[in-house]
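Taking it in order: structure first as structure tokens, then the write-up.
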Amino acid sequence: MRSGAVGRATPLEAWLLRTRYMKAVVRGHYLHHRYINCNYNLLLGGDFLFGVHRRSSPRDLEDMARIGLPVD
């Protein structure tokens, strides 16, 4: 049985999920749902411009890895 997002993805999707860009998108999207007032990802760089970007903590990364999101 395949676990995690990459494990359940098609080969093309798995490749995309392993890219640096998609890992950043996944982290930002996860953080937006965990901390509602940050990381809206509406436009590239917009979160920095409007001062709502939040970096992931080591704990956030551990939680993401535990639920199968590609973080490393």
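Ordering of the structure tokens sets the chain letters (A, B, ...), residue numbers begin anew at 1 in every chain, and ligands are numbered from 1 in the order given.
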
Exercise. If you count only C-alpha atoms, which residues fall within 10 Å of Arg55 of chain A, apart from same-chain ones fewer than 5 positions away, as a ChimeraX atom specification?
Worked result: /A:27-28,31,38-39,60

Exercise. Which is closest to Ala65 of chain A among A:Val26, A:Ile36, A:Ala14, A:Ala9, if we use only C-alpha atoms?
Worked result: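 Distance minimum relative to Ala65 of chain A lands on A:Val26.
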
For this session: Please return as an MDAnalysis selection string: the residues of chain A that backbone DSSP assigns to alpha helix (DSSP H).
Result: chainID A and resid 4:8 11:17 20:34 46:49 58:66

For this session: Name all residues at most 8 Å from Arg18 of chain A (count only C-alpha atoms; drop same-chain ones fewer than 3 positions away) and give them as a PyMOL selection string.
Result: chain A and resi 6+14-15+22-23+70

Create the file for the chosen residues now, containing all heavy atoms and written as a PDB file, in the first residue's frame.
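Produced file out_17.pdb, reproduced below:
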```
ATOM      1  N   VAL A   6       2.822  11.581  -2.290  1.00  0.00           N
ATOM      2  CA  VAL A   6       3.685  11.119  -3.380  1.00  0.00           C
ATOM      3  C   VAL A   6       3.416   9.643  -3.667  1.00  0.00           C
ATOM      4  O   VAL A   6       3.368   9.220  -4.818  1.00  0.00           O
ATOM      5  CB  VAL A   6       5.174  11.365  -3.049  1.00  0.00           C
ATOM      6  CG1 VAL A   6       6.078  10.757  -4.101  1.00  0.00           C
ATOM      7  CG2 VAL A   6       5.444  12.855  -2.908  1.00  0.00           C
ATOM      8  N   ALA A  14       3.771  12.562  -8.931  1.00  0.00           N
ATOM      9  CA  ALA A  14       4.821  12.313  -7.941  1.00  0.00           C
ATOM     10  C   ALA A  14       6.057  13.142  -8.269  1.00  0.00           C
ATOM     11  O   ALA A  14       6.670  13.735  -7.378  1.00  0.00           O
ATOM     12  CB  ALA A  14       5.169  10.826  -7.893  1.00  0.00           C
ATOM     13  N   TRP A  15       6.428  13.199  -9.549  1.00  0.00           N
ATOM     14  CA  TRP A  15       7.575  14.010  -9.945  1.00  0.00           C
ATOM     15  C   TRP A  15       7.325  15.475  -9.583  1.00  0.00           C
ATOM     16  O   TRP A  15       8.191  16.137  -9.022  1.00  0.00           O
ATOM     17  CB  TRP A  15       7.829  13.868 -11.450  1.00  0.00           C
ATOM     18  CG  TRP A  15       8.880  14.807 -11.927  1.00  0.00           C
ATOM     19  CD1 TRP A  15      10.226  14.625 -11.860  1.00  0.00           C
ATOM     20  CD2 TRP A  15       8.666  16.111 -12.485  1.00  0.00           C
ATOM     21  NE1 TRP A  15      10.874  15.730 -12.363  1.00  0.00           N
ATOM     22  CE2 TRP A  15       9.945  16.663 -12.751  1.00  0.00           C
ATOM     23  CE3 TRP A  15       7.547  16.857 -12.792  1.00  0.00           C
ATOM     24  CZ2 TRP A  15      10.107  17.925 -13.309  1.00  0.00           C
ATOM     25  CZ3 TRP A  15       7.710  18.116 -13.344  1.00  0.00           C
ATOM     26  CH2 TRP A  15       8.975  18.638 -13.602  1.00  0.00           C
ATOM     27  N   MET A  22       6.847  22.874  -5.757  1.00  0.00           N
ATOM     28  CA  MET A  22       5.621  22.293  -5.189  1.00  0.00           C
ATOM     29  C   MET A  22       5.751  22.059  -3.690  1.00  0.00           C
ATOM     30  O   MET A  22       4.773  22.189  -2.955  1.00  0.00           O
ATOM     31  CB  MET A  22       5.249  20.995  -5.911  1.00  0.00           C
ATOM     32  CG  MET A  22       4.564  21.223  -7.231  1.00  0.00           C
ATOM     33  SD  MET A  22       3.092  22.292  -7.140  1.00  0.00           S
ATOM     34  CE  MET A  22       2.003  21.318  -6.129  1.00  0.00           C
ATOM     35  N   LYS A  23       6.937  21.719  -3.227  1.00  0.00           N
ATOM     36  CA  LYS A  23       7.123  21.559  -1.778  1.00  0.00           C
ATOM     37  C   LYS A  23       6.850  22.890  -1.071  1.00  0.00           C
ATOM     38  O   LYS A  23       6.233  22.915  -0.008  1.00  0.00           O
ATOM     39  CB  LYS A  23       8.526  21.058  -1.460  1.00  0.00           C
ATOM     40  CG  LYS A  23       8.709  19.599  -1.831  1.00  0.00           C
ATOM     41  CD  LYS A  23      10.115  19.150  -1.543  1.00  0.00           C
ATOM     42  CE  LYS A  23      10.324  17.725  -2.006  1.00  0.00           C
ATOM     43  NZ  LYS A  23      11.698  17.275  -1.780  1.00  0.00           N
ATOM     44  N   PRO A  70       4.863  15.942   1.184  1.00  0.00           N
ATOM     45  CA  PRO A  70       6.289  15.981   0.823  1.00  0.00           C
ATOM     46  C   PRO A  70       6.955  17.246   1.359  1.00  0.00           C
ATOM     47  O   PRO A  70       6.660  18.346   0.903  1.00  0.00           O
ATOM     48  CB  PRO A  70       6.264  15.966  -0.703  1.00  0.00           C
ATOM     49  CG  PRO A  70       4.951  16.583  -1.060  1.00  0.00           C
ATOM     50  CD  PRO A  70       3.999  16.215   0.039  1.00  0.00           C
TER      51      PRO A  70
END
```

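In this structure, atom CA of Leu17 of chain A sits 26.6 Å away from atom CA of Phe50 of chain A.
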